[in-house]
>>> print(open('start.pdb').read())   # PDB, C-alpha atoms
ATOM      1  CA  MET M  63       0.000   0.000   0.000
ATOM      2  CA  GLY M  64       1.059   3.570  -0.621
ATOM      3  CA  ILE M  65       1.580   6.178   2.100
ATOM      4  CA  THR M  66      -1.644   7.944   1.113
ATOM      5  CA  GLN M  67      -3.714   4.757   1.461
ATOM      6  CA  ILE M  68      -2.106   3.948   4.805
ATOM      7  CA  LYS M  69      -2.969   7.405   6.150
ATOM      8  CA  GLU M  70      -6.536   7.090   4.856
ATOM      9  CA  TRP M  71      -7.092   3.702   6.517
ATOM     10  CA  TYR M  72      -5.456   4.937   9.718
ATOM     11  CA  LYS M  73      -7.928   7.830   9.819
ATOM     12  CA  ARG M  74     -10.874   5.465   9.209
ATOM     13  CA  PHE M  75      -9.864   3.110  12.039
ATOM     14  CA  LYS M  76      -9.179   6.060  14.309
ATOM     15  CA  ASP M  77     -12.736   7.289  13.655
ATOM     16  CA  GLY M  78     -14.130   3.951  14.831
ATOM     17  CA  ARG M  79     -14.217   1.741  11.761
ATOM     18  CA  THR M  80     -13.722  -1.977  12.553
ATOM     19  CA  THR M  81     -13.968  -3.669   9.147
ATOM     20  CA  VAL M  82     -11.824  -3.654   6.001
ATOM     21  CA  GLU M  83     -14.705  -4.606   3.703
ATOM     22  CA  SER M  84     -15.613  -2.105   0.996
ATOM     23  CA  GLU M  85     -18.654  -0.007   1.708
ATOM     24  CA  PRO M  86     -21.728  -0.397  -0.543
ATOM     25  CA  ARG M  87     -21.529   1.872  -3.548
ATOM     26  CA  SER M  88     -24.390   3.530  -5.333
ATOM     27  CA  GLY M  89     -24.963   3.105  -9.034
ATOM     28  CA  ARG M  90     -25.275   0.188 -11.410
ATOM     29  CA  PRO M  91     -23.367  -2.936 -10.326
ATOM     30  CA  SER M  92     -20.751  -4.294 -12.692
ATOM     31  CA  THR M  93     -21.827  -7.343 -14.709
ATOM     32  CA  CYS M  94     -18.515  -7.877 -16.574
ATOM     33  CA  ARG M  95     -17.290 -10.601 -14.256
ATOM     34  CA  ASN M  96     -20.122 -13.075 -14.682
ATOM     35  CA  ASP M  97     -19.785 -16.801 -15.362
ATOM     36  CA  GLN M  98     -20.344 -16.430 -19.105
ATOM     37  CA  VAL M  99     -17.630 -13.789 -19.534
ATOM     38  CA  ILE M 100     -15.208 -15.697 -17.317
ATOM     39  CA  ALA M 101     -15.761 -18.863 -19.382
ATOM     40  CA  LYS M 102     -15.154 -16.922 -22.610
ATOM     41  CA  VAL M 103     -11.903 -15.459 -21.235
ATOM     42  CA  ASN M 104     -10.762 -18.872 -20.022
ATOM     43  CA  ALA M 105     -11.407 -20.441 -23.444
ATOM     44  CA  MET M 106      -9.495 -17.624 -25.128
ATOM     45  CA  VAL M 107      -6.464 -18.109 -22.865
ATOM     46  CA  MET M 108      -6.507 -21.871 -23.349
ATOM     47  CA  ARG M 109      -6.282 -21.325 -27.116
ATOM     48  CA  ASP M 110      -3.361 -18.922 -26.812
ATOM     49  CA  ARG M 111      -1.364 -18.674 -23.595
ATOM     50  CA  ARG M 112       0.463 -15.604 -24.907
ATOM     51  CA  VAL M 113      -2.664 -13.484 -25.402
ATOM     52  CA  THR M 114      -2.436 -10.056 -23.754
ATOM     53  CA  ILE M 115      -4.878  -8.357 -21.386
ATOM     54  CA  ARG M 116      -5.642  -5.759 -24.065
ATOM     55  CA  GLU M 117      -6.414  -8.465 -26.635
ATOM     56  CA  ILE M 118      -8.699 -10.226 -24.147
ATOM     57  CA  ALA M 119     -10.531  -6.986 -23.405
ATOM     58  CA  GLU M 120     -11.037  -6.171 -27.085
ATOM     59  CA  GLU M 121     -12.140  -9.698 -28.000
ATOM     60  CA  VAL M 122     -14.594 -10.158 -25.123
ATOM     61  CA  GLY M 123     -15.779  -6.543 -25.023
ATOM     62  CA  ILE M 124     -14.780  -5.626 -21.473
ATOM     63  CA  SER M 125     -12.371  -3.150 -19.910
ATOM     64  CA  THR M 126      -8.718  -4.000 -19.399
ATOM     65  CA  PHE M 127      -9.287  -3.674 -15.642
ATOM     66  CA  SER M 128     -12.062  -6.287 -15.745
ATOM     67  CA  ALA M 129      -9.959  -8.558 -17.982
ATOM     68  CA  HIS M 130      -7.052  -8.331 -15.536
ATOM     69  CA  SER M 131      -9.340  -9.024 -12.561
ATOM     70  CA  ILE M 132     -10.782 -12.112 -14.261
ATOM     71  CA  MET M 133      -7.322 -13.449 -15.061
ATOM     72  CA  THR M 134      -5.815 -12.864 -11.628
ATOM     73  CA  LYS M 135      -8.778 -13.306  -9.296
ATOM     74  CA  ASP M 136     -11.351 -15.528 -10.990
ATOM     75  CA  LEU M 137      -8.966 -17.754 -12.957
ATOM     76  CA  ALA M 138      -6.065 -17.409 -10.463
ATOM     77  CA  MET M 139      -3.504 -17.033 -13.265
ATOM     78  CA  LYS M 140      -0.446 -14.826 -13.619
ATOM     79  CA  ARG M 141       1.795 -13.996 -16.548
ATOM     80  CA  VAL M 142       5.322 -15.414 -16.326
ATOM     81  CA  VAL M 143       8.339 -15.345 -18.616
ATOM     82  CA  ALA M 144       9.509 -18.623 -20.138
ATOM     83  CA  LYS M 145      12.747 -19.865 -18.612
ATOM     84  CA  PHE M 146      15.726 -21.112 -20.580
ATOM     85  CA  VAL M 147      16.447 -24.839 -20.502
ATOM     86  CA  PRO M 148      19.338 -26.718 -22.152
ATOM     87  CA  LYS M 149      17.014 -28.711 -24.376
ATOM     88  CA  LEU M 150      13.310 -29.246 -24.986
ATOM     89  CA  LEU M 151      12.588 -32.951 -24.531
ATOM     90  CA  THR M 152      10.130 -34.995 -26.529
ATOM     91  CA  VAL M 153       7.373 -36.990 -24.834
ATOM     92  CA  GLU M 154       9.354 -40.210 -25.377
ATOM     93  CA  GLN M 155      12.482 -38.701 -23.811
ATOM     94  CA  LYS M 156      10.510 -37.517 -20.789
ATOM     95  CA  GLU M 157       8.934 -40.949 -20.319
ATOM     96  CA  LEU M 158      12.364 -42.608 -20.555
ATOM     97  CA  ARG M 159      13.754 -40.280 -17.877
ATOM     98  CA  VAL M 160      10.831 -41.092 -15.609
ATOM     99  CA  GLU M 161      11.480 -44.829 -16.072
ATOM    100  CA  VAL M 162      15.204 -44.462 -15.348
ATOM    101  CA  SER M 163      14.501 -42.322 -12.274
ATOM    102  CA  GLN M 164      11.978 -44.860 -10.992
ATOM    103  CA  ASP M 165      14.452 -47.690 -11.497
ATOM    104  CA  MET M 166      17.067 -45.779  -9.497
ATOM    105  CA  LEU M 167      14.580 -45.118  -6.689
ATOM    106  CA  ASP M 168      13.666 -48.805  -6.581
ATOM    107  CA  SER M 169      17.354 -49.774  -6.494
ATOM    108  CA  THR M 170      18.007 -47.287  -3.691
ATOM    109  CA  ASN M 171      15.096 -48.611  -1.634
ATOM    110  CA  SER M 172      16.259 -52.197  -2.035
ATOM    111  CA  ASP M 173      19.973 -51.426  -1.514
ATOM    112  CA  PRO M 174      20.865 -48.454   0.761
ATOM    113  CA  ASP M 175      24.457 -48.520  -0.553
ATOM    114  CA  PHE M 176      23.359 -48.198  -4.178
ATOM    115  CA  MET M 177      23.940 -44.418  -4.403
ATOM    116  CA  ASN M 178      27.574 -44.899  -3.368
ATOM    117  CA  THR M 179      28.191 -46.923  -6.529
ATOM    118  CA  ILE M 180      27.065 -44.178  -8.906
ATOM    119  CA  ILE M 181      29.557 -41.983 -10.743
ATOM    120  CA  THR M 182      28.029 -39.034 -12.555
ATOM    121  CA  GLY M 183      29.489 -36.199 -14.587
ATOM    122  CA  ASP M 184      28.971 -32.602 -15.592
ATOM    123  CA  GLU M 185      30.466 -30.081 -17.983
ATOM    124  CA  SER M 186      31.007 -26.351 -17.694
ATOM    125  CA  CYS M 187      32.849 -23.625 -19.561
ATOM    126  CA  VAL M 188      35.542 -22.021 -17.391
ATOM    127  CA  TYR M 189      38.074 -19.252 -17.873
ATOM    128  CA  GLY M 190      41.756 -20.002 -17.848
ATOM    129  CA  TYR M 191      44.182 -18.410 -15.398
ATOM    130  CA  ASP M 192      47.943 -18.269 -15.196
ATOM    131  CA  PRO M 193      48.455 -17.258 -11.551
ATOM    132  CA  GLU M 194      51.895 -16.518 -10.193
ATOM    133  CA  THR M 195      52.658 -17.794  -6.706
ATOM    134  CA  LYS M 196      54.311 -15.703  -4.010
ATOM    135  CA  SER M 197      57.473 -17.746  -4.342
ATOM    136  CA  GLN M 198      57.594 -17.236  -8.100
ATOM    137  CA  SER M 199      57.120 -13.476  -7.779
ATOM    138  CA  SER M 200      59.723 -12.971  -5.031
ATOM    139  CA  GLN M 201      63.010 -11.225  -5.864
ATOM    140  CA  TRP M 202      66.041  -9.736  -4.134
ATOM    141  CA  LYS M 203      66.177  -6.011  -3.433
ATOM    142  CA  HIS M 204      68.215  -3.485  -1.477
ATOM    143  CA  SER M 205      66.788  -1.866   1.646
ATOM    144  CA  THR M 206      66.445   1.416  -0.243
ATOM    145  CA  SER M 207      64.824  -0.134  -3.333
ATOM    146  CA  PRO M 208      61.045   0.018  -3.801
ATOM    147  CA  ARG M 209      59.093  -3.149  -3.252
ATOM    148  CA  PRO M 210      58.151  -4.852  -6.534
ATOM    149  CA  LYS M 211      54.479  -4.851  -7.551
ATOM    150  CA  LYS M 212      52.236  -7.242  -9.403
ATOM    151  CA  ALA M 213      48.638  -7.031 -10.525
ATOM    152  CA  ARG M 214      45.892  -9.007  -8.882
ATOM    153  CA  GLN M 215      44.759 -12.134 -10.659
ATOM    154  CA  VAL M 216      42.659 -11.126 -13.656
ATOM    155  CA  ARG M 217      40.358 -13.417 -15.584
ATOM    156  CA  SER M 218      41.794 -14.186 -18.975
ATOM    157  CA  ASN M 219      40.005 -14.396 -22.306
ATOM    158  CA  VAL M 220      40.841 -18.092 -22.608
ATOM    159  CA  ASN M 221      37.621 -20.082 -22.391
ATOM    160  CA  MET M 222      37.697 -23.870 -22.164
ATOM    161  CA  MET M 223      35.366 -26.715 -21.265
ATOM    162  CA  LEU M 224      35.903 -28.586 -18.002
ATOM    163  CA  THR M 225      34.501 -32.109 -17.641
ATOM    164  CA  VAL M 226      34.224 -33.546 -14.128
ATOM    165  CA  PHE M 227      33.149 -36.995 -12.972
ATOM    166  CA  PHE M 228      32.366 -37.524  -9.292
ATOM    167  CA  ASP M 229      30.639 -39.818  -6.818
ATOM    168  CA  SER M 230      29.520 -39.557  -3.192
ATOM    169  CA  ARG M 231      33.155 -39.434  -2.010
ATOM    170  CA  GLY M 232      34.414 -36.718  -4.339
ATOM    171  CA  VAL M 233      35.971 -36.125  -7.750
ATOM    172  CA  VAL M 234      37.026 -39.259  -9.617
ATOM    173  CA  HIS M 235      38.302 -37.711 -12.835
ATOM    174  CA  HIS M 236      38.455 -34.288 -14.484
ATOM    175  CA  GLU M 237      39.980 -32.893 -17.642
ATOM    176  CA  TYR M 238      39.964 -29.821 -19.848
ATOM    177  CA  ALA M 239      39.044 -30.017 -23.488
ATOM    178  CA  PRO M 240      41.861 -28.783 -25.776
ATOM    179  CA  GLN M 241      41.364 -25.361 -27.313
ATOM    180  CA  GLY M 242      39.295 -25.632 -30.473
ATOM    181  CA  GLN M 243      38.266 -29.214 -29.732
ATOM    182  CA  THR M 244      34.915 -30.201 -31.213
ATOM    183  CA  ILE M 245      32.929 -32.455 -28.879
ATOM    184  CA  THR M 246      32.309 -35.517 -31.003
ATOM    185  CA  LYS M 247      31.398 -39.059 -30.086
ATOM    186  CA  GLU M 248      35.011 -40.105 -30.754
ATOM    187  CA  TYR M 249      36.344 -37.464 -28.367
ATOM    188  CA  TYR M 250      33.846 -38.382 -25.658
ATOM    189  CA  ARG M 251      34.658 -42.068 -26.117
ATOM    190  CA  ASP M 252      38.288 -41.263 -25.280
ATOM    191  CA  VAL M 253      37.113 -39.254 -22.248
ATOM    192  CA  LEU M 254      35.171 -42.263 -20.965
ATOM    193  CA  ARG M 255      38.211 -44.478 -21.473
ATOM    194  CA  ARG M 256      40.285 -42.148 -19.321
ATOM    195  CA  LEU M 257      37.450 -42.184 -16.775
ATOM    196  CA  CYS M 258      37.623 -45.985 -16.665
ATOM    197  CA  ASP M 259      41.350 -45.800 -15.954
ATOM    198  CA  ALA M 260      40.682 -43.328 -13.139
ATOM    199  CA  VAL M 261      37.980 -45.577 -11.645
ATOM    200  CA  ARG M 262      40.348 -48.545 -11.741
ATOM    201  CA  ARG M 263      43.004 -46.526  -9.871
ATOM    202  CA  LYS M 264      40.846 -44.502  -7.431
ATOM    203  CA  ARG M 265      37.853 -46.790  -6.899
ATOM    204  CA  PRO M 266      39.309 -50.314  -7.156
ATOM    205  CA  GLU M 267      36.463 -51.794  -5.114
ATOM    206  CA  LEU M 268      33.915 -50.587  -7.685
ATOM    207  CA  TRP M 269      36.055 -51.756 -10.563
ATOM    208  CA  SER M 270      36.501 -55.235  -9.091
ATOM    209  CA  THR M 271      32.784 -55.724  -8.498
ATOM    210  CA  GLY M 272      31.847 -54.439 -11.944
ATOM    211  CA  ASN M 273      29.476 -51.794 -10.584
TER     212      ASN M 273
END
>>> encode(input="start.pdb", output="structure tokens")
Amino acid sequence: MGITQIKEWYKRFKDGRTTVESEPRSGRPSTCRNDQVIAKVNAMVMRDRRVTIREIAEEVGISTFSAHSIMTKDLAMKRVVAKFVPKLLTVEQKELRVEVSQDMLDSTNSDPDFMNTIITGDESCVYGYDPETKSQSSQWKHSTSPRPKKARQVRSNVNMMLTVFFDSRGVVHHEYAPQGQTITKEYYRDVLRRLCDAVRRKRPELWSTGN
């Protein structure tokens, strides 16, 4: 509420008012928000979710205020912006993910240690740095010489892809894609081979059991 409204309501309560309900108004009652109009607005929105309040008002023959009230109060809807996702999945892909997720839940319920056998991975683009340690930047100087200076670490323009594989105990394998490397099935096959070598070295118990 604005300051003006707050002052107005404060004055009303100070004068003895005990309710926040609107007082009866004289004049012709509004008939825009009846069941027939609401149904027409709902059908219009179901046909096109991107329709605007102004378009609804013009199509149905009501004011923009009434159209907005129907959308927000009667239909309990609000306008939101679409969010970005990596990929739009097909119905078949969604169903497959549900099946895989259900299988994993069933395996977890039957074997509490199941999650500890899973190694998953992720990829992210990172910026390259070439930091200089304190030891590397140290140098000899006379007592009267000024102390050498160096700039703080600054993010470089080098952008590369980092691939990390990890389990419940931590990182199992990570590597950076070479500059200019195209991610092909052949490249990723080699990545998985190096992951297998890392699992054999760092998780021998998983490797021996074939999990």
>>> residues_around(input="start.pdb", residues="Lys264 in chain M", least_positions_apart="3", cutoff="7 Å", atoms="all atoms listed in the file", output="list in words")
Val234, Ala260 and Val261 of chain M
>>> write_last_selection(input="start.pdb", atoms="C-alpha atoms", output="JSON list (two decimals), in the frame of the given file")
[["chain", "number", "residue", "atom", "x", "y", "z"],
["M", 234, "VAL", "CA", 37.03, -39.26, -9.62],
["M", 260, "ALA", "CA", 40.68, -43.33, -13.14],
["M", 261, "VAL", "CA", 37.98, -45.58, -11.64]]
>>> closest_residue(input="start.pdb", among="M:Lys156, M:Ile118, M:Pro148, M:Gly242", to="His130 in chain M", atoms="only C-alpha atoms")
M:Ile118
>>> residues_around(input="start.pdb", residues="Asp259 in chain M", least_positions_apart="6", cutoff="12 Å", atoms="all atoms listed in the file", output="PyMOL selection string")
chain M and resi 234-236+252-253+265-266+269
>>> residues_around(input="start.pdb", residues="Met133 in chain M", least_positions_apart="3", cutoff="9 Å", atoms="only C-alpha atoms", output="count of residues only")
12
>>> atom_distance(input="start.pdb", atom1="CA of Val226 in chain M", atom2="CA of Tyr238 in chain M")
8.9 Å
>>> axis_aligned_box(input="start.pdb", around="range 73-85 of chain M", padding_each_side="5 Å", output="AutoDock Vina command-line options")
--center_x -13.3 --center_y 1.6 --center_z 7.9 --size_x 20.7 --size_y 22.4 --size_z 23.8
>>> atom_distance(input="start.pdb", atom1="CA of Gly123 in chain M", atom2="CA of Val99 in chain M")
9.3 Å
>>> atom_distance(input="start.pdb", atom1="CA of Met222 in chain M", atom2="CA of Tyr189 in chain M")
6.3 Å
>>> closest_residue(input="start.pdb", among="M:Ile124, M:Val188, M:Val107, M:Leu151", to="Asn221 in chain M", atoms="all atoms listed in the file")
M:Val188
>>> closest_residue(input="start.pdb", among="M:Leu224, M:Ile132, M:Cys187, M:Ile181", to="Leu257 in chain M", atoms="only C-alpha atoms")
M:Ile181
>>> closest_residue(input="start.pdb", among="M:Thr81, M:Ser131, M:Ser169, M:Gln241", to="Asn96 in chain M", atoms="only C-alpha atoms")
M:Ser131
>>> closest_residue(input="start.pdb", among="M:Arg112, M:Arg231, M:Lys211, M:Arg159", to="Thr179 in chain M", atoms="all atoms listed in the file")
M:Arg231
>>> closest_residue(input="start.pdb", among="M:Ser230, M:Ser205, M:Thr244, M:Tyr72", to="Asp175 in chain M", atoms="only C-alpha atoms")
M:Ser230
>>> build_atoms(input="start.pdb", residues="range 231-252 of chain M", atoms="N, CA, C and O atoms", output="tab-separated table (two decimals), in the frame of the given file")
chain	number	residue	atom	x	y	z
M	231	ARG	N	31.93	-39.70	-2.77
M	231	ARG	CA	33.16	-39.43	-2.01
M	231	ARG	C	33.98	-38.29	-2.57
M	231	ARG	O	34.93	-37.85	-1.94
M	232	GLY	N	33.66	-37.83	-3.78
M	232	GLY	CA	34.41	-36.72	-4.34
M	232	GLY	C	34.69	-36.90	-5.81
M	232	GLY	O	34.09	-37.75	-6.49
M	233	VAL	N	35.63	-36.11	-6.33
M	233	VAL	CA	35.97	-36.12	-7.75
M	233	VAL	C	36.76	-37.39	-8.09
M	233	VAL	O	37.73	-37.73	-7.41
M	234	VAL	N	36.34	-38.06	-9.14
M	234	VAL	CA	37.03	-39.26	-9.62
M	234	VAL	C	37.95	-38.92	-10.78
M	234	VAL	O	39.08	-39.42	-10.86
M	235	HIS	N	37.49	-38.07	-11.67
M	235	HIS	CA	38.30	-37.71	-12.84
M	235	HIS	C	37.84	-36.36	-13.37
M	235	HIS	O	36.65	-36.05	-13.36
M	236	HIS	N	38.80	-35.56	-13.83
M	236	HIS	CA	38.46	-34.29	-14.48
M	236	HIS	C	39.48	-34.00	-15.56
M	236	HIS	O	40.64	-34.43	-15.47
M	237	GLU	N	39.07	-33.28	-16.57
M	237	GLU	CA	39.98	-32.89	-17.64
M	237	GLU	C	39.42	-31.71	-18.41
M	237	GLU	O	38.21	-31.46	-18.41
M	238	TYR	N	40.33	-30.97	-19.04
M	238	TYR	CA	39.96	-29.82	-19.85
M	238	TYR	C	40.04	-30.19	-21.32
M	238	TYR	O	40.99	-30.84	-21.75
M	239	ALA	N	39.03	-29.77	-22.05
M	239	ALA	CA	39.04	-30.02	-23.49
M	239	ALA	C	40.08	-29.11	-24.14
M	239	ALA	O	40.17	-27.92	-23.79
M	240	PRO	N	40.87	-29.62	-25.08
M	240	PRO	CA	41.86	-28.78	-25.78
M	240	PRO	C	41.18	-27.63	-26.50
M	240	PRO	O	40.02	-27.73	-26.91
M	241	GLN	N	41.91	-26.52	-26.62
M	241	GLN	CA	41.36	-25.36	-27.31
M	241	GLN	C	40.98	-25.72	-28.75
M	241	GLN	O	41.75	-26.35	-29.47
M	242	GLY	N	39.76	-25.36	-29.13
M	242	GLY	CA	39.30	-25.63	-30.47
M	242	GLY	C	38.77	-27.04	-30.68
M	242	GLY	O	38.40	-27.40	-31.80
M	243	GLN	N	38.73	-27.83	-29.62
M	243	GLN	CA	38.27	-29.21	-29.73
M	243	GLN	C	36.75	-29.27	-29.94
M	243	GLN	O	35.98	-28.67	-29.20
M	244	THR	N	36.34	-29.96	-30.98
M	244	THR	CA	34.92	-30.20	-31.21
M	244	THR	C	34.48	-31.44	-30.44
M	244	THR	O	35.16	-32.48	-30.50
M	245	ILE	N	33.39	-31.34	-29.70
M	245	ILE	CA	32.93	-32.46	-28.88
M	245	ILE	C	32.19	-33.44	-29.77
M	245	ILE	O	31.02	-33.25	-30.11
M	246	THR	N	32.88	-34.47	-30.16
M	246	THR	CA	32.31	-35.52	-31.00
M	246	THR	C	32.19	-36.81	-30.20
M	246	THR	O	32.69	-36.91	-29.08
M	247	LYS	N	31.53	-37.78	-30.78
M	247	LYS	CA	31.40	-39.06	-30.09
M	247	LYS	C	32.75	-39.73	-29.92
M	247	LYS	O	33.00	-40.42	-28.92
M	248	GLU	N	33.68	-39.52	-30.87
M	248	GLU	CA	35.01	-40.10	-30.75
M	248	GLU	C	35.78	-39.48	-29.59
M	248	GLU	O	36.44	-40.18	-28.82
M	249	TYR	N	35.66	-38.14	-29.47
M	249	TYR	CA	36.34	-37.46	-28.37
M	249	TYR	C	35.79	-37.93	-27.03
M	249	TYR	O	36.55	-38.23	-26.10
M	250	TYR	N	34.45	-38.00	-26.92
M	250	TYR	CA	33.85	-38.38	-25.66
M	250	TYR	C	34.12	-39.85	-25.33
M	250	TYR	O	34.21	-40.22	-24.17
M	251	ARG	N	34.29	-40.67	-26.35
M	251	ARG	CA	34.66	-42.07	-26.12
M	251	ARG	C	36.02	-42.13	-25.44
M	251	ARG	O	36.23	-42.91	-24.50
M	252	ASP	N	36.96	-41.30	-25.90
M	252	ASP	CA	38.29	-41.26	-25.28
M	252	ASP	C	38.21	-40.74	-23.84
M	252	ASP	O	38.94	-41.20	-22.97
